[in-house]
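Peer 1: Structure provided below as structure tokens; questions to follow.
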Amino acid sequence: MDYADYSPFVIEESLKNNKEDLLKLLKAADCDIVDFQITKKDRALTNSRITTFHKPDPLIPFDFDSEEATGTKEIVKLLLAVLIAVKEGKLLLIDGLEKGLHVKALEFILNLFNSADSAQLIFTTHNTHLLSLQKFRKDQIYFVNKTAGGASDLYSLHDFKDVKGDIDLQKAYLQGQFDAIPYIEDV
């Protein structure tokens with residue numbers, strides 16, 4: 001399941017079926033959307049219109065497609081995918097989890113999966129703030145290193161036997177202790 005590939009029909013149907021839970025997640029993620037409505041333009045659901053309402057003035061309607069910011073649209077789609085995965089115990093794969101999200105919103109999403117019974121999240125990120133043994137076990141953190149031949153080498157933090165629980169992983173990573181960082185040469 002890749003939330004970016006949801007069709008308008010799937011999004012609209014999922015919004016209808018998960019409205020209360022999605023509004024709770026949006027509030028917890030500090031989004032100022034307090035309500036939304038789906039209005040059919042005609043009998044076909046694919047011609048529906050999503051209208052959102054915001055905290056500052058909940059009586060003023062916003063057209064989701066044309067008036068919401070790209071980041072707001074992304075977080076709604078992402079939280080919808082997260083909600084479905086957590087509720088149904090599914091696996092969610094996300095490339096670039098941090099795209100347009102504040103670190104607190106990322107931590108909120110991670111906590112949802114950590115508290116879920118059987119849902120799993122596999123994601124890539126360039127956000128080094130998430131490198132922490134307080135957030136993840138060593139066997140949950142993987143690095144990707146580009147080899148001299150251009151291939152990608154995947155390996156776990158668990159492979160580094162000298163890593164202890166009190167290490168500042170973000171600092172160690174940025175200093176190159178685990179490799180997998182770009183070496184940018186001056187031009």
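Residue names in the structure tokens use chain letters A, B, ... in the order shown, residue numbers from 1 in each chain, and ligand numbers from 1 in the order shown.
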According to DSSP computed on the backbone, where in segment 10-184 of chain A is there strand (DSSP E or B)? Give the residues as a count of residues only.
Peer 2: 40
Peer 1: Show me a table, sorted first by chain and then by increasing residue number, of the residues of segment 8-35 of chain A having an atom at most 8 Å from segment 64-79 of chain A, each with its shortest atom pair and the distance in Å to one decimal, counting only C-alpha atoms and written as a Markdown table.
Peer 2:
```
| residue | atom | partner | partner_atom | distance |
| --- | --- | --- | --- | --- |
| A:Ile11 | CA | A:Lys77 | CA | 7.4 |
| A:Leu22 | CA | A:Leu79 | CA | 7.1 |
| A:Leu25 | CA | A:Leu79 | CA | 7.0 |
| A:Leu26 | CA | A:Val76 | CA | 7.5 |
| A:Cys31 | CA | A:Thr72 | CA | 7.8 |
```
Peer 1: Output the selection as a compact mmCIF listing (two decimals), in the first residue's frame - N, CA, C and O atoms for each residue.
Peer 2:
```
# COMPACT_ATOMS: atom_id res chain seq x y z
N ILE A 11 -9.55 7.52 -1.82
CA ILE A 11 -9.41 8.54 -0.78
C ILE A 11 -10.79 8.96 -0.27
O ILE A 11 -11.04 9.00 0.93
N LEU A 22 -9.94 9.78 11.59
CA LEU A 22 -9.03 10.66 10.85
C LEU A 22 -9.01 12.06 11.47
O LEU A 22 -7.94 12.66 11.62
N LEU A 25 -6.79 11.95 14.44
CA LEU A 25 -5.37 11.93 14.06
C LEU A 25 -4.91 13.30 13.58
O LEU A 25 -3.81 13.74 13.90
N LEU A 26 -5.74 13.99 12.79
CA LEU A 26 -5.37 15.32 12.30
C LEU A 26 -5.19 16.29 13.47
O LEU A 26 -4.26 17.09 13.48
N CYS A 31 -2.80 19.50 12.92
CA CYS A 31 -3.36 20.06 11.70
C CYS A 31 -4.60 20.85 12.13
O CYS A 31 -5.31 20.44 13.04
```
Peer 1: Give me, please, the distance in Å between atom CA of Asp35 of chain A and atom CA of Thr52 of chain A, quoted to one decimal.
Peer 2: 5.9 Å
Peer 1: Could you pull the residues within 12 Å of Thr147 of chain A, counting only C-alpha atoms, minus those fewer than 5 positions along the same chain, as a list of chain:residue names?
Peer 2: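 Final neighbour list, sorted by chain and number: A:Ser152, A:Asp153, A:Leu154, A:Asp179, A:Ala180, A:Ile181, A:Pro182, A:Tyr183.
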Peer 1: Put those residues in a file: C-alpha atoms, as a PDB file, in the first residue's frame.
Peer 2:
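Contents of part08.pdb, freshly written:
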```
ATOM      1  CA  SER A 152      23.439  -0.067  -2.939  1.00  0.00           C
ATOM      2  CA  ASP A 153      24.655  -1.961   0.122  1.00  0.00           C
ATOM      3  CA  LEU A 154      22.065  -2.437   2.904  1.00  0.00           C
ATOM      4  CA  ASP A 179      29.429   5.037   6.494  1.00  0.00           C
ATOM      5  CA  ALA A 180      26.297   5.547   4.347  1.00  0.00           C
ATOM      6  CA  ILE A 181      26.788   9.307   4.119  1.00  0.00           C
ATOM      7  CA  PRO A 182      27.469  11.231   0.933  1.00  0.00           C
ATOM      8  CA  TYR A 183      31.033  12.365   0.410  1.00  0.00           C
TER       9      TYR A 183
END
```
Peer 1: Name the residues of chain A that come out as helix (DSSP H, G or I) in a backbone DSSP run; write them as a PyMOL selection string.
Peer 2: chain A and resi 3-5+8-17+19-28+45-47+64-67+70-88+103-114+128-130+138-140+157-159+169-174
Peer 1: Considering only C-alpha atoms, can you say which of A:Leu169, A:Ile84, A:Leu97, A:Leu112 comes closest to Asn127 of chain A?
Peer 2: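 Ranking A:Leu169, A:Ile84, A:Leu97, A:Leu112 by distance to Asn127 of chain A, first place goes to A:Leu97.
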Peer 1: Looking at only C-alpha atoms, which of A:Thr39, A:Leu110, A:His158, A:Asp166 is the one that sits closest to Lys16 of chain A?
Peer 2: A:Thr39
Peer 1: For atom CA of Ile38 of chain A and atom CA of Pro56 of chain A, quote the distance in Å rounded to one decimal.
Peer 2: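 Going from atom CA of Ile38 of chain A over to atom CA of Pro56 of chain A, I get 20.7 Å.
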Peer 1: If you count only C-alpha atoms, which residues fall within 12 Å of Asp21 of chain A, apart from same-chain ones fewer than 6 positions away, as an mmCIF file with N, CA and C atoms, in the first residue's frame?
Peer 2:
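result-v7.cif written:
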```cif
data_model
loop_
_atom_site.group_PDB
_atom_site.id
_atom_site.type_symbol
_atom_site.label_atom_id
_atom_site.label_comp_id
_atom_site.auth_asym_id
_atom_site.auth_seq_id
_atom_site.Cartn_x
_atom_site.Cartn_y
_atom_site.Cartn_z
ATOM 1 N N SER A 14 -12.462 6.136 1.717
ATOM 2 C CA SER A 14 -11.771 5.954 2.998
ATOM 3 C C SER A 14 -12.049 7.120 3.939
ATOM 4 N N LEU A 15 -12.139 8.322 3.407
ATOM 5 C CA LEU A 15 -12.486 9.484 4.232
ATOM 6 C C LEU A 15 -13.857 9.289 4.871
ATOM 7 N N LYS A 27 -6.056 16.184 14.460
ATOM 8 C CA LYS A 27 -5.935 17.048 15.647
ATOM 9 C C LYS A 27 -4.647 16.725 16.401
ATOM 10 N N ALA A 28 -4.380 15.441 16.589
ATOM 11 C CA ALA A 28 -3.171 15.031 17.306
ATOM 12 C C ALA A 28 -1.907 15.422 16.553
ATOM 13 N N VAL A 34 -10.718 20.811 11.291
ATOM 14 C CA VAL A 34 -11.590 20.318 12.348
ATOM 15 C C VAL A 34 -12.767 19.507 11.810
ATOM 16 N N ASP A 35 -13.015 19.599 10.504
ATOM 17 C CA ASP A 35 -14.094 18.832 9.904
ATOM 18 C C ASP A 35 -13.905 18.806 8.393
ATOM 19 N N VAL A 76 -3.001 14.529 5.035
ATOM 20 C CA VAL A 76 -4.303 13.861 5.055
ATOM 21 C C VAL A 76 -4.180 12.482 4.404
ATOM 22 N N LEU A 79 -1.965 10.230 6.735
ATOM 23 C CA LEU A 79 -2.662 9.790 7.940
ATOM 24 C C LEU A 79 -3.777 8.810 7.617
ATOM 25 N N LEU A 80 -4.386 8.965 6.469
ATOM 26 C CA LEU A 80 -5.415 8.017 6.037
ATOM 27 C C LEU A 80 -4.794 6.642 5.805
ATOM 28 N N VAL A 82 -1.967 5.561 7.140
ATOM 29 C CA VAL A 82 -1.529 5.092 8.455
ATOM 30 C C VAL A 82 -2.714 4.515 9.221
ATOM 31 N N LEU A 83 -3.818 5.226 9.210
ATOM 32 C CA LEU A 83 -5.017 4.789 9.925
ATOM 33 C C LEU A 83 -5.489 3.429 9.419
ATOM 34 N N ILE A 84 -5.544 3.269 8.127
ATOM 35 C CA ILE A 84 -5.988 1.998 7.546
ATOM 36 C C ILE A 84 -5.013 0.873 7.913
ATOM 37 N N VAL A 86 -2.918 0.682 10.487
ATOM 38 C CA VAL A 86 -2.962 0.394 11.919
ATOM 39 C C VAL A 86 -4.256 -0.345 12.283
ATOM 40 N N LYS A 87 -5.388 0.111 11.757
ATOM 41 C CA LYS A 87 -6.680 -0.521 12.064
ATOM 42 C C LYS A 87 -6.771 -1.943 11.525
#
```
Peer 1: Extract, using only C-alpha atoms, all DNA, RNA and protein residues at most 12 Å from Gln37 of chain A, discarding same-chain residues fewer than 5 positions from it, and format them as a ChimeraX atom specification.
Peer 2: /A:12-13,15-16,19-20,23,48-53,61-64
Peer 1: When you look at Thr124 of chain A with a cut-off of 12 Å (counting only C-alpha atoms), what residues show up, excluding the ones that are within fewer than 3 positions of it in the same chain? I need them as a PyMOL selection string.
Peer 2: chain A and resi 92-99+121+127-128+130-131+140-144+154
Peer 1: Would you put the residues from that selection into a file with N, CA and C atoms, as a short mmCIF file (atom, residue, chain, number, x, y, z; two decimals), in the first residue's frame?
Peer 2:
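Listed below is the output, selection15.cif:
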```cif
data_model
loop_
_atom_site.label_atom_id
_atom_site.label_comp_id
_atom_site.auth_asym_id
_atom_site.auth_seq_id
_atom_site.Cartn_x
_atom_site.Cartn_y
_atom_site.Cartn_z
N LEU A 92 2.79 -1.03 5.84
CA LEU A 92 2.81 0.20 5.06
C LEU A 92 4.26 0.52 4.71
N LEU A 93 4.54 0.68 3.42
CA LEU A 93 5.87 1.04 2.93
C LEU A 93 5.84 2.49 2.46
N ILE A 94 6.77 3.29 2.97
CA ILE A 94 6.81 4.71 2.58
C ILE A 94 8.25 5.10 2.28
N ASP A 95 8.47 5.60 1.09
CA ASP A 95 9.78 6.11 0.69
C ASP A 95 9.80 7.60 0.97
N GLY A 96 10.68 8.04 1.84
CA GLY A 96 10.78 9.45 2.18
C GLY A 96 9.69 9.88 3.14
N LEU A 97 9.58 9.22 4.28
CA LEU A 97 8.53 9.49 5.26
C LEU A 97 8.51 10.96 5.68
N GLU A 98 9.65 11.60 5.73
CA GLU A 98 9.71 12.95 6.27
C GLU A 98 9.22 14.04 5.34
N LYS A 99 8.86 13.72 4.11
CA LYS A 99 8.48 14.73 3.12
C LYS A 99 7.40 15.66 3.66
N LEU A 121 5.44 -0.70 9.80
CA LEU A 121 5.84 0.41 8.95
C LEU A 121 7.30 0.21 8.56
N ASN A 127 16.05 12.03 7.60
CA ASN A 127 15.94 12.77 8.84
C ASN A 127 16.78 12.09 9.92
N THR A 128 17.94 12.64 10.20
CA THR A 128 18.85 12.02 11.16
C THR A 128 18.34 12.17 12.60
N LEU A 130 15.73 11.06 13.71
CA LEU A 130 15.09 9.80 14.08
C LEU A 130 16.09 8.72 14.50
N LEU A 131 17.37 8.96 14.27
CA LEU A 131 18.39 7.98 14.67
C LEU A 131 18.57 8.02 16.18
N GLN A 140 16.27 -2.51 14.11
CA GLN A 140 15.25 -1.81 13.32
C GLN A 140 15.84 -0.69 12.46
N ILE A 141 17.11 -0.39 12.65
CA ILE A 141 17.76 0.70 11.91
C ILE A 141 18.70 0.11 10.86
N TYR A 142 18.48 0.52 9.63
CA TYR A 142 19.32 0.06 8.52
C TYR A 142 19.89 1.27 7.79
N PHE A 143 21.04 1.06 7.22
CA PHE A 143 21.71 2.09 6.42
C PHE A 143 21.86 1.58 4.99
N VAL A 144 21.89 2.50 4.06
CA VAL A 144 22.14 2.17 2.66
C VAL A 144 23.37 2.94 2.24
N LEU A 154 22.97 -2.60 1.77
CA LEU A 154 22.06 -2.44 2.90
C LEU A 154 22.62 -3.22 4.09
#
```
Peer 1: Calculated over only C-alpha atoms, which of the candidates A:Ile122, A:Ala116, A:Val103, A:Leu133 has the smallest distance to Leu91 of chain A?
Peer 2: A:Ile122
